[in-house]
2 protein chains.
Amino acid sequence: MNNNSSSPIGIFDSGVGGLTVARAVMERLPRESVLYFGDTARVPYGVKSQDIISRYAVEIAKFLLEKRVKMLIIACNTMAAVAYDAVRALSGVPVLEVIDAGARTAVAHTRNHRIGIIATPSTTSSGAYLQAIQRYEHDGMFITTQACPLFVPLVEEGWTDHPVTRLTAFEYLTPLLAQNIDTLVLGCTHYPLLKPMLQSVMGPGVQLVDSAEAISLRAEALLREMDLENASGEPPRHVFHVTDVPHRFQEVGERFLGRPLDQVELVSL
Amino acid sequence: MNNNSSSPIGIFDSGVGGLTVARAVMERLPRESVLYFGDTARVPYGVKSQDIISRYAVEIAKFLLEKRVKMLIIACNTMAAVAYDAVRALSGVPVLEVIDAGARTAVAHTRNHRIGIIATPSTTSSGAYLQAIQRYEHDGMFITTQACPLFVPLVEEGWTDHPVTRLTAFEYLTPLLAQNIDTLVLGCTHYPLLKPMLQSVMGPGVQLVDSAEAISLRAEALLREMDLENASGEPPRHVFHVTDVPHRFQEVGERFLGRPLDQVELVSL
């Protein structure tokens, strides 16, 4: 059994983006240990076939389950859209994923039933957020999506508060501003780093839904409900597994995580 | 023997970028057939280990050699930096690569012996252009490099003449302007699409070296020297092999190639 309350929470992504999810979980649940897995050697997943994405997701989940995690968080929109059922079928530990968490929170927030979603092209074209929102509310909901392919490279370049990024944000978001939405889902794990800029472009009338925050709230509730909160009194231990150490990994990773990346372990699957 | 004058020229890249090289070759050598190979399922190569890049390059080269190409062109800076010797060892057909062609042309062009190189981070940190330039001229040459990671996503977004791209170009190129270079090597196969903008930012005193053009000149000279020009009188036939058909492949590919992408064949290695 993996269901030991002092076991870590397993969080995985195709690369560094999921570190924003790890950060939110570590901030909300400071007593919990986190085992992170970033498949940096095979990133990006967005261009791969569904079969391959599913196979990779299962490999990663098995790796984390062998390390006796008590919960799995799919912190990658591409894997969440394709491989959730395959991962859930692997094990008895609860499995959370970013798309469901973001969609659920957006439905709870919107007053005028008009929701915008920004994400990478592969996520917007998958229609996964649309389906997830319709799971929670299928009557009279207006949903508009916008692919923002440049946001990921801009964030990785570190230009989170740069005139180029502001100009790019205006270009992408102007069509959404015209749609009178009151809720905007940040449908990519890189986007929380752009939150202040996106909020200033959208204005105070639009509520931003950060999937990382949303999933950390879900994780907190679920641990409580299942009586799996860490009660050991031992300090948490965080370990970050990657399949390659790409260019500027440390610098970029620490920006995403918001703290030093100490325990990085290179593994191969 | 592959050395048949009516055989195609094999051109390969990790993705669509090498289509700018195919375009330059097709424009300079309108009677030659081109077999293109883009490893779109495994792009990008820049983050992979040298062993893997070399293995993939050899797989692709073997595929093209089996199709009886008369010349191989490595239209990918990452593969050129790592796998040139391995590819050349495979076969008796001549092998050209973009870094050598760009470096050779830059050395021939510069008057003040001050050369700038712009490329992706993996290419700049490999030092491959520096080494290649020093093969042709090692005395008193000043070389400065600048990584421009956002240019590839901006080109793929189609923003080749957009205020965001202009602002980004000023940000990256201002340090180079201060260095009094007279020659700037476009060290990435995506950059030829930015040529008008880069020229206007650098000003008329700086000569841009487009590796795609440089390599098409080398290919022309070599075919003549080896008496391998297509003398069959038959119209050329171009075929484009890809390992995956990613999002917007047709649209992006045609922008790179400058003509319709008709004969696209999906293959697996």
# chains A, B, ... in the order shown; residues from 1 in each chain; ligands from 1

$ closest_atom_pairs --of "chain B" --to "chain A" --cutoff "12 Å" --atoms "only C-alpha atoms" --output "CSV"
residue,atom,partner,partner_atom,distance
B:Gly15,CA,A:Val47,CA,11.4
B:Asp39,CA,A:Val47,CA,11.6
B:Thr40,CA,A:Val47,CA,8.2
B:Ala41,CA,A:Lys48,CA,6.3
B:Arg42,CA,A:Arg42,CA,8.0
B:Val43,CA,A:Pro44,CA,8.4
B:Pro44,CA,A:Pro44,CA,8.1
B:Tyr45,CA,A:Ala41,CA,9.7
B:Gly46,CA,A:Pro246,CA,8.8
B:Val47,CA,A:Pro246,CA,5.6
B:Lys48,CA,A:Ala41,CA,6.2
B:Ser49,CA,A:Asp244,CA,8.2
B:Gln50,CA,A:Asp244,CA,11.9
B:Ile52,CA,A:Ala41,CA,10.4
B:Ile53,CA,A:Ala41,CA,11.8
B:Thr120,CA,A:His247,CA,10.8
B:Pro121,CA,A:His247,CA,7.6
B:Ser122,CA,A:His247,CA,7.2
B:Thr123,CA,A:His247,CA,10.9
B:Thr124,CA,A:His247,CA,11.2
B:Ser125,CA,A:His247,CA,8.9
B:Ser126,CA,A:His247,CA,11.0
B:Ala147,CA,A:Glu157,CA,10.7
B:Cys148,CA,A:Glu157,CA,9.4
B:Pro149,CA,A:Glu157,CA,7.3
B:Leu150,CA,A:Pro153,CA,6.3
B:Phe151,CA,A:Pro153,CA,9.7
B:Val152,CA,A:Pro153,CA,9.4
B:Pro153,CA,A:Leu150,CA,6.3
B:Leu154,CA,A:Leu150,CA,7.0
B:Val155,CA,A:Leu150,CA,10.3
B:Glu156,CA,A:Pro149,CA,9.2
B:Glu157,CA,A:Pro149,CA,7.3
B:Gly158,CA,A:Leu150,CA,11.0
B:Trp159,CA,A:Leu150,CA,10.4
B:His162,CA,A:Thr168,CA,10.0
B:Pro163,CA,A:Leu167,CA,8.1
B:Val164,CA,A:Val164,CA,5.6
B:Thr165,CA,A:Val164,CA,8.0
B:Arg166,CA,A:Val164,CA,9.2
B:Leu167,CA,A:Val164,CA,6.3
B:Thr168,CA,A:Val164,CA,6.4
B:Ala169,CA,A:Val164,CA,10.1
B:Phe170,CA,A:Val164,CA,10.5
B:Glu171,CA,A:Val164,CA,9.2
B:Tyr172,CA,A:Val164,CA,11.7
B:Thr243,CA,A:Lys48,CA,10.2
B:Asp244,CA,A:Lys48,CA,7.8
B:Val245,CA,A:Val47,CA,8.4
B:Pro246,CA,A:Val47,CA,5.6
B:His247,CA,A:Val47,CA,7.1
B:Arg248,CA,A:Pro121,CA,9.5
B:Phe249,CA,A:Val47,CA,10.5

$ write_last_selection --atoms "N, CA and C atoms" --output "short mmCIF file (atom, residue, chain, number, x, y, z; two decimals), in the first residue's frame"
data_model
loop_
_atom_site.label_atom_id
_atom_site.label_comp_id
_atom_site.auth_asym_id
_atom_site.auth_seq_id
_atom_site.Cartn_x
_atom_site.Cartn_y
_atom_site.Cartn_z
N GLY B 15 13.32 19.41 -37.94
CA GLY B 15 11.92 19.82 -38.09
C GLY B 15 11.68 20.55 -39.39
N ASP B 39 12.51 15.58 -38.95
CA ASP B 39 12.19 14.63 -37.87
C ASP B 39 11.21 15.29 -36.88
N THR B 40 10.05 15.66 -37.42
CA THR B 40 9.08 16.46 -36.67
C THR B 40 8.52 15.78 -35.42
N ALA B 41 8.65 14.44 -35.34
CA ALA B 41 8.17 13.74 -34.14
C ALA B 41 9.13 13.92 -32.97
N ARG B 42 10.42 14.16 -33.29
CA ARG B 42 11.42 14.17 -32.22
C ARG B 42 12.04 15.56 -32.03
N VAL B 43 11.55 16.55 -32.80
CA VAL B 43 12.01 17.93 -32.63
C VAL B 43 11.61 18.41 -31.24
N PRO B 44 12.34 19.26 -30.52
CA PRO B 44 13.63 19.83 -30.92
C PRO B 44 14.81 18.97 -30.47
N TYR B 45 15.90 19.02 -31.26
CA TYR B 45 17.10 18.27 -30.92
C TYR B 45 17.99 19.02 -29.93
N GLY B 46 17.85 20.34 -29.85
CA GLY B 46 18.78 21.17 -29.08
C GLY B 46 18.93 20.74 -27.63
N VAL B 47 17.89 20.13 -27.06
CA VAL B 47 17.95 19.74 -25.66
C VAL B 47 18.43 18.31 -25.46
N LYS B 48 18.69 17.56 -26.55
CA LYS B 48 19.05 16.15 -26.40
C LYS B 48 20.57 15.98 -26.22
N SER B 49 20.96 14.79 -25.76
CA SER B 49 22.38 14.52 -25.57
C SER B 49 23.07 14.31 -26.92
N GLN B 50 24.40 14.48 -26.93
CA GLN B 50 25.15 14.34 -28.18
C GLN B 50 25.02 12.94 -28.77
N ILE B 52 22.50 10.82 -28.58
CA ILE B 52 21.19 10.66 -29.19
C ILE B 52 21.12 11.43 -30.51
N ILE B 53 21.62 12.65 -30.52
CA ILE B 53 21.58 13.47 -31.73
C ILE B 53 22.35 12.77 -32.86
N THR B 120 20.37 29.82 -31.80
CA THR B 120 19.66 29.33 -30.61
C THR B 120 20.67 29.12 -29.47
N PRO B 121 20.20 29.04 -28.22
CA PRO B 121 21.14 28.84 -27.11
C PRO B 121 21.99 27.59 -27.27
N SER B 122 21.41 26.48 -27.77
CA SER B 122 22.23 25.26 -27.86
C SER B 122 23.35 25.44 -28.88
N THR B 123 23.08 26.17 -29.96
CA THR B 123 24.14 26.38 -30.96
C THR B 123 25.22 27.34 -30.43
N THR B 124 24.81 28.45 -29.81
CA THR B 124 25.83 29.38 -29.32
C THR B 124 26.69 28.72 -28.25
N SER B 125 26.06 27.93 -27.36
CA SER B 125 26.87 27.36 -26.29
C SER B 125 27.73 26.20 -26.77
N SER B 126 27.44 25.64 -27.96
CA SER B 126 28.29 24.57 -28.50
C SER B 126 29.63 25.11 -29.00
N ALA B 147 22.68 34.59 -28.23
CA ALA B 147 21.57 33.62 -28.31
C ALA B 147 20.25 34.39 -28.44
N CYS B 148 19.39 33.95 -29.32
CA CYS B 148 18.12 34.63 -29.58
C CYS B 148 16.97 33.61 -29.48
N PRO B 149 16.70 33.07 -28.28
CA PRO B 149 15.76 31.96 -28.17
C PRO B 149 14.34 32.26 -28.64
N LEU B 150 13.94 33.53 -28.65
CA LEU B 150 12.55 33.83 -29.04
C LEU B 150 12.34 33.90 -30.55
N PHE B 151 13.40 33.99 -31.33
CA PHE B 151 13.21 34.14 -32.77
C PHE B 151 12.51 32.92 -33.39
N VAL B 152 12.86 31.70 -32.94
CA VAL B 152 12.21 30.51 -33.52
C VAL B 152 10.69 30.52 -33.27
N PRO B 153 10.24 30.66 -32.00
CA PRO B 153 8.78 30.70 -31.82
C PRO B 153 8.11 31.90 -32.51
N LEU B 154 8.78 33.04 -32.61
CA LEU B 154 8.17 34.18 -33.31
C LEU B 154 8.00 33.87 -34.80
N VAL B 155 9.00 33.22 -35.39
CA VAL B 155 8.89 32.86 -36.81
C VAL B 155 7.78 31.82 -37.00
N GLU B 156 7.71 30.83 -36.09
CA GLU B 156 6.69 29.79 -36.24
C GLU B 156 5.29 30.36 -36.02
N GLU B 157 5.18 31.42 -35.22
CA GLU B 157 3.89 32.11 -35.03
C GLU B 157 3.52 32.93 -36.27
N GLY B 158 4.50 33.15 -37.17
CA GLY B 158 4.22 33.93 -38.38
C GLY B 158 4.40 35.43 -38.19
N TRP B 159 4.97 35.83 -37.06
CA TRP B 159 5.13 37.26 -36.77
C TRP B 159 6.47 37.78 -37.32
N HIS B 162 6.28 42.06 -37.37
CA HIS B 162 5.34 42.39 -36.30
C HIS B 162 6.06 43.25 -35.26
N PRO B 163 5.38 44.21 -34.64
CA PRO B 163 6.05 45.05 -33.65
C PRO B 163 6.70 44.26 -32.52
N VAL B 164 6.09 43.13 -32.12
CA VAL B 164 6.68 42.32 -31.06
C VAL B 164 8.06 41.79 -31.48
N THR B 165 8.14 41.34 -32.73
CA THR B 165 9.40 40.79 -33.21
C THR B 165 10.45 41.89 -33.37
N ARG B 166 10.02 43.07 -33.82
CA ARG B 166 10.95 44.19 -33.96
C ARG B 166 11.53 44.58 -32.59
N LEU B 167 10.66 44.65 -31.59
CA LEU B 167 11.10 45.01 -30.24
C LEU B 167 12.07 43.94 -29.70
N THR B 168 11.74 42.67 -29.96
CA THR B 168 12.61 41.57 -29.53
C THR B 168 13.97 41.66 -30.23
N ALA B 169 13.94 41.97 -31.53
CA ALA B 169 15.19 42.07 -32.29
C ALA B 169 16.06 43.20 -31.74
N PHE B 170 15.47 44.34 -31.40
CA PHE B 170 16.25 45.43 -30.80
C PHE B 170 16.88 44.98 -29.49
N GLU B 171 16.11 44.26 -28.70
CA GLU B 171 16.63 43.79 -27.41
C GLU B 171 17.85 42.89 -27.60
N TYR B 172 17.74 41.93 -28.54
CA TYR B 172 18.84 40.99 -28.74
C TYR B 172 20.04 41.62 -29.47
N THR B 243 8.29 12.78 -39.79
CA THR B 243 7.99 11.67 -38.87
C THR B 243 6.70 11.93 -38.09
N ASP B 244 6.18 13.14 -38.19
CA ASP B 244 4.88 13.45 -37.59
C ASP B 244 4.33 14.66 -38.34
N VAL B 245 3.02 14.82 -38.32
CA VAL B 245 2.43 16.01 -38.94
C VAL B 245 1.92 16.90 -37.82
N PRO B 246 2.78 17.79 -37.31
CA PRO B 246 2.38 18.57 -36.14
C PRO B 246 1.38 19.66 -36.51
N HIS B 247 0.85 20.26 -35.45
CA HIS B 247 -0.09 21.37 -35.54
C HIS B 247 0.41 22.43 -36.54
N ARG B 248 -0.43 22.82 -37.50
CA ARG B 248 -0.11 23.87 -38.46
C ARG B 248 1.10 23.56 -39.33
N PHE B 249 1.42 22.26 -39.52
CA PHE B 249 2.61 21.91 -40.30
C PHE B 249 2.57 22.48 -41.72
#

$ select_by_dssp --residues "segment 187-234 of chain B" --states "strand (DSSP E or B)" --output "list in words"
Gln207, Leu208, Val209 and Asp210 of chain B

$ write_last_selection --atoms "N, CA and C atoms" --output "CSV table (one decimal), in the first residue's frame"
chain,number,residue,atom,x,y,z
B,207,GLN,N,26.6,43.3,-43.2
B,207,GLN,CA,26.2,42.3,-44.2
B,207,GLN,C,25.6,41.0,-43.4
B,208,LEU,N,24.4,40.6,-43.8
B,208,LEU,CA,23.9,39.4,-43.2
B,208,LEU,C,24.3,38.2,-44.0
B,209,VAL,N,24.7,37.2,-43.3
B,209,VAL,CA,25.1,35.9,-43.9
B,209,VAL,C,24.0,34.9,-43.6
B,210,ASP,N,23.3,34.5,-44.7
B,210,ASP,CA,22.2,33.5,-44.6
B,210,ASP,C,22.8,32.1,-44.9

$ atom_distance --atom1 "atom CA of Lys67 of chain A" --atom2 "atom CA of Leu217 of chain A"
23.7 Å

$ closest_residue --among "A:Leu193, A:Ile117, A:Val239, A:Leu29" --to "Gly17 of chain A" --atoms "only C-alpha atoms"
A:Leu193

$ residues_around --residues "segment 95-109 of chain A" --least-positions-apart "2" --cutoff "8 Å" --atoms "only C-alpha atoms" --output "PyMOL selection string"
chain A and resi 71-77+80-81+84+87-88+93+111+113+115+128-129+132-133+136-137+183-187+207+209-212+214-215+218-219

$ write_last_selection --atoms "C-alpha atoms" --output "compact mmCIF listing (two decimals), in the first residue's frame"
# COMPACT_ATOMS: atom_id res chain seq x y z
CA MET A 71 -1.21 10.93 -4.41
CA LEU A 72 -0.47 11.66 -8.06
CA ILE A 73 -0.87 15.10 -9.64
CA ILE A 74 -0.68 15.34 -13.44
CA ALA A 75 0.77 18.84 -13.76
CA CYS A 76 0.78 18.84 -17.56
CA ASN A 77 -2.17 19.84 -19.67
CA ALA A 80 -4.05 15.40 -18.45
CA ALA A 81 -6.06 15.61 -21.67
CA TYR A 84 -5.80 10.57 -17.10
CA VAL A 87 -2.81 6.73 -15.02
CA ARG A 88 -5.82 6.28 -12.74
CA VAL A 93 -3.84 6.36 -4.89
CA ARG A 111 -21.08 35.13 -12.37
CA HIS A 113 -21.36 32.39 -17.30
CA ILE A 115 -15.35 32.00 -19.43
CA ALA A 128 -10.19 19.26 -23.14
CA TYR A 129 -11.09 22.38 -21.12
CA ALA A 132 -14.16 19.55 -18.47
CA ILE A 133 -16.25 22.71 -18.00
CA TYR A 136 -19.64 20.75 -14.18
CA GLU A 137 -22.06 23.04 -16.02
CA THR A 183 -13.25 34.57 -15.73
CA LEU A 184 -10.02 33.63 -17.51
CA VAL A 185 -8.45 30.19 -17.06
CA LEU A 186 -4.64 30.09 -17.30
CA GLY A 187 -4.60 26.71 -19.07
CA GLN A 207 -10.94 36.86 -12.39
CA VAL A 209 -8.03 31.09 -12.56
CA ASP A 210 -4.60 29.65 -11.90
CA SER A 211 -4.73 25.84 -12.30
CA ALA A 212 -1.74 25.42 -10.00
CA ALA A 214 -6.80 25.31 -8.01
CA ILE A 215 -5.14 21.90 -7.89
CA ARG A 218 -8.12 20.12 -4.40
CA ALA A 219 -5.11 18.27 -3.04
